[in-house]
Structures are given as C-alpha cells and as structure tokens.
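In what follows, a single structure is set out as structure tokens and then discussed.
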Amino acid sequence: MPVQFDVDPLAARLAESTAEFVREVVIPAERACGGSVHDAPEALREALQKDAREAGVFAPHLPARWGGHGLDLRGQAAVFEAAGYSLLGPLALNCAAPDEGNMHLLEKVATEEQKERYLRPLAAGGTRSCFAMTEPAPGAGADPRALRTTATRVPGGWRIDGRKWFITGASGAGFTIVMARTSGGPGDPGGATMFLVDAGTPGMRVVRDIETLDEGFFAGHCEILFEDCVVGDDQVLGAVDQGFEGAQVRLGPARLTHCMRWLGAARRAQDIALERAGSRTAFGSVLGDLGMVQQMLADSEIDLEASRALVLRTAWALDTGSVAAPQLSSMSKTFVAEAVHRVVDRAVQICGALGISAADAPLARLYRDVRPFRIYDGPSETHRFAIARRALKPYRRPRPEVPAGS
C-alpha cells in the first residue's frame, strides 16, 4: 500500500486558522504569564478554550459526536504543529497532554456509560484529567512491568493502594486514570488494570506538586498517594488484567501527538533564529552570512523537515493499522525528541545572550520545556532498545543446545 502524506483540505484550512489564532490570541497570553502554567488559574485555561471555540479551532482531534473536527492523525499532525507554536496553544485547543491522550483512550476503550460520565465533560473542556502510571523507584517507570500499585478485590469493587509521581495535570484534575496491579507481582508482564478514580474519592490524595525543569504543562507534575482508595466495578476501564494492553491504545498515538506539538515549538525557535540571523550584524557582516551560523540554520531546517516526514509516515501507519506502527512510533519519539532539542539549542546559540533571556525572547522557556521530552513517554534509550529488538527479531537464531554433562 503506498504511503499517503496528503493532508485533507479541511485539516489544512484548520491548521491555517490555528496558526492565526495562536499568533493573535495565544502568544500574547503566553507572554503575559511567562509561559509558566504549573500553578496557573483555571480561568486562564477556560478563557483560552472559549476563544478557541469562537475561532472554530477547538478539539481538532475528536469525532464530531464529542464536539470535535474528526481529523485523522495525518490531519492532526498539521494542526497540532500549528498549535504547538506556543506552549499554551495545545491547552487552548484542548489537545494538550495528558487530556488529549486520555480522550483517545476513553473513546476507544470506555463503556458508553463511562464515555458520558468522563469523556463528554473532558471533551468539552469542563474538566481535566491525568494518567497515573509512573511510580517512585523501584516501581513502574520506563519499565511498566515494575508496577507496584495494587488493586485488591473488595465487595462491589476494588481497593487501590500505592504511590504515583510525576503525574502531569493531577492538581485539580476531575478524575484520574490509574494503572494498578490486579494479579501477579512486580516484573510480571501482565496483570495490570486501569481504573477511573474521581477527584475527592476517599483514600486518594495529591501529596505535592513536584518542581520540575519544564513549566509549560498546566497544573504541573504531582505525586499522588492511594491508601485504601475504594472504587466500584463500574470504574474499571477496559478489561481486568488487560491494563498494559489497553494503555497501548493511548500510548502509541500519544507519543506521536507529543512529537507534533513539540515540532511546533521547534519551528518557533527556528523562526526566531532566522529573524536574528537575518538582522543582527557582527564582525562586519550579517550573522546569516557567516558560515558557522548558516550550518546551524541548515541543520535545523533538515531536522524539522525530517521530523515532519517521520511524523506523517507514522501517522499514516497508525491511521491504516499497519504492523509497522509500533516500530515507527518508537522511531518518531526518539528522533523527533532529539531533533527538537537540537533545533532549540541551536537557536539559543545563534541568538547569544538574547537566547538565554527570560524576558526578551521565549527561547529560554522553550529550552526548559523541550529537554524533558527525551524522557516523557519512554526515554530515548528505552525506545532504541525496542527498535533494535524488533529489527533483530527476524535474524535471531536459536541458541545451540549444550550436551548434557558437558
């Protein structure tokens, strides 16, 4: 089957509208708050989302049933990149992590009752959510099989006990999707289940907002404690003991949509570097006429174009259900995360002192926010391990048997 990179005309028009909306509405709001939204008021999110609805760019990723534009992943690539040009753009369009990934998961896995209870208000921007997987060591992190949070059968439901941390958006979230072990033990490949836990449920407590390098995720990253937290059977998301499999429904596309959004941030950094290189004079020449600056600008253009092509290739694979999708998803996450960092780093270097200024250019905050991207949704090293393992699989030969007594 030939790969189709063509973006639907509707998506192309929506991307143009999104770019205009981000320039005129979102970037001024980002400047006003300095790009830091870890403890920003809900009123900021609500105002931006109201403006996005009025501009006709709200919820590009959702089916029309949930108030969205129904774009496939190739269409989302164009719109999410346009939204990501500002750190607050995805928040305004209601396509920011973790909510965007949770919407996709609920739309694919939840029961009809759960969709009405959780997905509908989330899709409308009436609430926020979080996804609680990561745990303090030696619990689940890059290796989800290390999961230690448990869910134990009790009359009419389940009791959840455990500790999660670096849970994005947990502060003030209306509900949490929690991964807990319902069978087996740490290190086992299966036995996990996802649960929907409402805010205010006894036994669930946000312990702290963790101070982190990045500041662009609304409500930051939190530590959550579950102690004797009881939920009903109707709050199981998907099948019991099939949580790891269910989470893949979310994680594959979510890795790619991260790439789309951060690609927009890298494009912005490159635009700032190009403007600076075309106007700043030093050593008797415009910076852009100097060979070393030209090399950095050219390398960034290559990184941006290669990232965009890989994102579209992976989006096509996910849209069509290609067996290559998992491998391409890992490749995209690894390459784009590192390419985005290179682009922003070069922009800082080209702009010099201006590049590290917190007040006069956004590069410093972009730099802070893109660096953790190489860790989110699996560090580069974990994805490289998975890429190599898949590539080697057809070439592996069985180990020779050792004769008894030798």
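Ordered as shown in the structure tokens, chains take letters A, B, and onward, while each chain numbers its residues from 1 and ligands are numbered from 1 in the order shown.
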
Practice item. Write out as a PyMOL selection string each polymer residue whose atoms come within 12 Å of range 318-323 of chain A, counting only C-alpha atoms; drop sequence neighbours fewer than 3 positions from it. Key: chain A and resi 1-5+71-77+249-257+311-315+326-329+390

With only C-alpha atoms counted and 10 Å as the cut-off, give the residues of range 50-89 of chain A in contact with range 211-232 of chain A, each with its shortest interatomic distance in Å and the pair that gives it, as JSON lines.
```
{"residue": "A:Ser86", "atom": "CA", "partner": "A:Gly216", "partner_atom": "CA", "distance": 9.6}
{"residue": "A:Leu87", "atom": "CA", "partner": "A:Gly216", "partner_atom": "CA", "distance": 5.9}
{"residue": "A:Leu88", "atom": "CA", "partner": "A:Gly216", "partner_atom": "CA", "distance": 7.2}
```

Exercise for review: Enumerate, as a list in words, the complete set of residues in range 272-359 of chain A that a backbone-based DSSP assignment places in strand (DSSP E or B).
Suggested key: Thr281, Ala282, Ser285 and Val286 of chain A

Point to revise | In range 215-304 of chain A, DSSP helix (DSSP H, G or I) residues written as an MDAnalysis selection string | key: chainID A and resid 233:235 243:279 287:289 291:304

Can you write just those residues out, C-alpha atoms, as a PDB file, in the first residue's frame?
```pdb
ATOM      1  CA  ASP A 233     -16.637  -2.299  39.443  1.00  0.00           C
ATOM      2  CA  ASP A 234     -18.105   0.243  37.027  1.00  0.00           C
ATOM      3  CA  GLN A 235     -14.867   2.240  37.300  1.00  0.00           C
ATOM      4  CA  GLY A 243      -4.377  -2.721  31.519  1.00  0.00           C
ATOM      5  CA  PHE A 244      -0.992  -2.821  29.811  1.00  0.00           C
ATOM      6  CA  GLU A 245      -2.645  -3.786  26.549  1.00  0.00           C
ATOM      7  CA  GLY A 246      -5.290  -1.083  26.986  1.00  0.00           C
ATOM      8  CA  ALA A 247      -2.668   1.542  27.739  1.00  0.00           C
ATOM      9  CA  GLN A 248      -1.033   0.881  24.377  1.00  0.00           C
ATOM     10  CA  VAL A 249      -4.202   2.193  22.734  1.00  0.00           C
ATOM     11  CA  ARG A 250      -3.296   5.501  24.347  1.00  0.00           C
ATOM     12  CA  LEU A 251       0.492   5.469  24.313  1.00  0.00           C
ATOM     13  CA  GLY A 252       1.121   4.794  20.603  1.00  0.00           C
ATOM     14  CA  PRO A 253      -0.795   7.827  19.301  1.00  0.00           C
ATOM     15  CA  ALA A 254       0.117   9.913  22.380  1.00  0.00           C
ATOM     16  CA  ARG A 255       3.835   9.561  21.661  1.00  0.00           C
ATOM     17  CA  LEU A 256       3.205  10.832  18.154  1.00  0.00           C
ATOM     18  CA  THR A 257       0.988  13.752  19.170  1.00  0.00           C
ATOM     19  CA  HIS A 258       3.751  14.815  21.577  1.00  0.00           C
ATOM     20  CA  CYS A 259       6.042  14.939  18.550  1.00  0.00           C
ATOM     21  CA  MET A 260       3.534  17.034  16.605  1.00  0.00           C
ATOM     22  CA  ARG A 261       3.168  19.628  19.352  1.00  0.00           C
ATOM     23  CA  TRP A 262       6.881  19.916  20.104  1.00  0.00           C
ATOM     24  CA  LEU A 263       7.624  20.232  16.408  1.00  0.00           C
ATOM     25  CA  GLY A 264       5.646  23.471  16.527  1.00  0.00           C
ATOM     26  CA  ALA A 265       7.826  24.728  19.372  1.00  0.00           C
ATOM     27  CA  ALA A 266      10.958  23.884  17.384  1.00  0.00           C
ATOM     28  CA  ARG A 267       9.589  25.720  14.338  1.00  0.00           C
ATOM     29  CA  ARG A 268       9.079  28.782  16.501  1.00  0.00           C
ATOM     30  CA  ALA A 269      12.642  28.587  17.818  1.00  0.00           C
ATOM     31  CA  GLN A 270      13.969  28.309  14.263  1.00  0.00           C
ATOM     32  CA  ASP A 271      11.900  31.299  13.136  1.00  0.00           C
ATOM     33  CA  ILE A 272      13.389  33.359  15.964  1.00  0.00           C
ATOM     34  CA  ALA A 273      16.900  32.220  14.981  1.00  0.00           C
ATOM     35  CA  LEU A 274      16.278  33.070  11.324  1.00  0.00           C
ATOM     36  CA  GLU A 275      14.984  36.531  12.186  1.00  0.00           C
ATOM     37  CA  ARG A 276      18.020  37.157  14.377  1.00  0.00           C
ATOM     38  CA  ALA A 277      20.469  35.808  11.822  1.00  0.00           C
ATOM     39  CA  GLY A 278      18.930  37.965   9.106  1.00  0.00           C
ATOM     40  CA  SER A 279      19.064  41.219  11.078  1.00  0.00           C
ATOM     41  CA  LEU A 287      25.060  36.755  11.126  1.00  0.00           C
ATOM     42  CA  GLY A 288      23.263  34.811   8.433  1.00  0.00           C
ATOM     43  CA  ASP A 289      26.185  35.343   6.055  1.00  0.00           C
ATOM     44  CA  GLY A 291      29.365  30.006   7.531  1.00  0.00           C
ATOM     45  CA  MET A 292      29.012  28.544  11.010  1.00  0.00           C
ATOM     46  CA  VAL A 293      25.634  30.221  11.520  1.00  0.00           C
ATOM     47  CA  GLN A 294      24.484  29.027   8.104  1.00  0.00           C
ATOM     48  CA  GLN A 295      25.415  25.468   9.043  1.00  0.00           C
ATOM     49  CA  MET A 296      23.346  25.635  12.232  1.00  0.00           C
ATOM     50  CA  LEU A 297      20.366  27.090  10.378  1.00  0.00           C
ATOM     51  CA  ALA A 298      20.637  24.469   7.633  1.00  0.00           C
ATOM     52  CA  ASP A 299      20.931  21.600  10.123  1.00  0.00           C
ATOM     53  CA  SER A 300      17.829  22.827  11.900  1.00  0.00           C
ATOM     54  CA  GLU A 301      15.873  23.021   8.649  1.00  0.00           C
ATOM     55  CA  ILE A 302      16.911  19.429   7.945  1.00  0.00           C
ATOM     56  CA  ASP A 303      15.878  18.303  11.440  1.00  0.00           C
ATOM     57  CA  LEU A 304      12.486  19.976  11.102  1.00  0.00           C
TER      58      LEU A 304
END
```

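Of the residues under consideration (A:Pro379, A:Pro394, A:Ala170, A:Gly190), A:Ala170 shows the shortest atom-to-atom contact distance to His38 in chain A when counting only C-alpha atoms.
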
Check your understanding: Do you know which residues are at most 10 Å from Glu30 in chain A counting only C-alpha atoms, after dropping those on the same chain fewer than 3 positions away, and could you put them as number ranges by chain?
Key -> A: 22, 25-27, 33-37, 86-89, 216, 362

Those same residues - N, CA and C atoms - I'd like them written as a PDB file, in the first residue's frame.
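Contents of again.pdb, freshly written:
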```pdb
ATOM      1  N   VAL A  22      -3.164  31.223  17.149  1.00  0.00           N
ATOM      2  CA  VAL A  22      -2.021  31.173  18.068  1.00  0.00           C
ATOM      3  C   VAL A  22      -1.264  32.492  18.057  1.00  0.00           C
ATOM      4  N   VAL A  25      -3.927  35.391  19.561  1.00  0.00           N
ATOM      5  CA  VAL A  25      -4.566  35.224  20.875  1.00  0.00           C
ATOM      6  C   VAL A  25      -3.666  34.523  21.885  1.00  0.00           C
ATOM      7  N   VAL A  26      -3.055  33.411  21.469  1.00  0.00           N
ATOM      8  CA  VAL A  26      -2.371  32.564  22.440  1.00  0.00           C
ATOM      9  C   VAL A  26      -1.002  33.108  22.827  1.00  0.00           C
ATOM     10  N   ILE A  27      -0.204  33.543  21.865  1.00  0.00           N
ATOM     11  CA  ILE A  27       1.132  34.042  22.197  1.00  0.00           C
ATOM     12  C   ILE A  27       1.070  35.251  23.133  1.00  0.00           C
ATOM     13  N   CYS A  33       1.934  35.407  30.992  1.00  0.00           N
ATOM     14  CA  CYS A  33       2.218  34.509  32.136  1.00  0.00           C
ATOM     15  C   CYS A  33       3.638  33.964  32.087  1.00  0.00           C
ATOM     16  N   GLY A  34       4.436  34.416  31.126  1.00  0.00           N
ATOM     17  CA  GLY A  34       5.819  33.951  31.021  1.00  0.00           C
ATOM     18  C   GLY A  34       5.937  32.493  30.637  1.00  0.00           C
ATOM     19  N   GLY A  35       4.876  31.913  30.103  1.00  0.00           N
ATOM     20  CA  GLY A  35       4.916  30.512  29.694  1.00  0.00           C
ATOM     21  C   GLY A  35       4.840  29.527  30.830  1.00  0.00           C
ATOM     22  N   SER A  36       4.697  29.996  32.062  1.00  0.00           N
ATOM     23  CA  SER A  36       4.654  29.124  33.234  1.00  0.00           C
ATOM     24  C   SER A  36       3.207  28.906  33.651  1.00  0.00           C
ATOM     25  N   VAL A  37       2.741  27.671  33.509  1.00  0.00           N
ATOM     26  CA  VAL A  37       1.348  27.377  33.855  1.00  0.00           C
ATOM     27  C   VAL A  37       1.225  26.232  34.859  1.00  0.00           C
ATOM     28  N   SER A  86       3.008  27.804  20.209  1.00  0.00           N
ATOM     29  CA  SER A  86       3.022  28.394  21.556  1.00  0.00           C
ATOM     30  C   SER A  86       2.872  27.284  22.579  1.00  0.00           C
ATOM     31  N   LEU A  87       3.532  27.427  23.716  1.00  0.00           N
ATOM     32  CA  LEU A  87       3.408  26.432  24.773  1.00  0.00           C
ATOM     33  C   LEU A  87       1.964  26.287  25.245  1.00  0.00           C
ATOM     34  N   LEU A  88       1.158  27.344  25.072  1.00  0.00           N
ATOM     35  CA  LEU A  88      -0.225  27.323  25.528  1.00  0.00           C
ATOM     36  C   LEU A  88      -1.206  26.965  24.416  1.00  0.00           C
ATOM     37  N   GLY A  89      -0.712  26.797  23.185  1.00  0.00           N
ATOM     38  CA  GLY A  89      -1.599  26.511  22.067  1.00  0.00           C
ATOM     39  C   GLY A  89      -2.386  25.225  22.230  1.00  0.00           C
ATOM     40  N   GLY A 216       5.598  24.307  31.187  1.00  0.00           N
ATOM     41  CA  GLY A 216       4.560  24.534  30.200  1.00  0.00           C
ATOM     42  C   GLY A 216       3.363  23.606  30.273  1.00  0.00           C
ATOM     43  N   PRO A 362      11.401  33.965  23.919  1.00  0.00           N
ATOM     44  CA  PRO A 362      10.853  32.764  24.565  1.00  0.00           C
ATOM     45  C   PRO A 362      11.779  31.567  24.525  1.00  0.00           C
TER      46      PRO A 362
END
```

Check your understanding: Contacts of range 58-65 of chain A at 8 Å or less, counting only C-alpha atoms, minus same-chain residues fewer than 4 places along, as a list in words?
Key -> Gln49, Ala52, Arg53, His69, Gly70, Leu71, Asp72, Leu73, Gln76, Val79, Ala92, Leu93, Asn94, Cys95, Glu100, Met103, His104 and Ala123 of chain A

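Atom to atom, CA of Cys130 in chain A and CA of Thr168 in chain A stand 6.2 Å apart.
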
Study note, to complete from the structure: The residue from A:Leu354, A:Leu147, A:Ala306, A:Leu91 with the smallest atom-to-atom distance to Pro189 in chain A, counting only C-alpha atoms, is A:Leu147
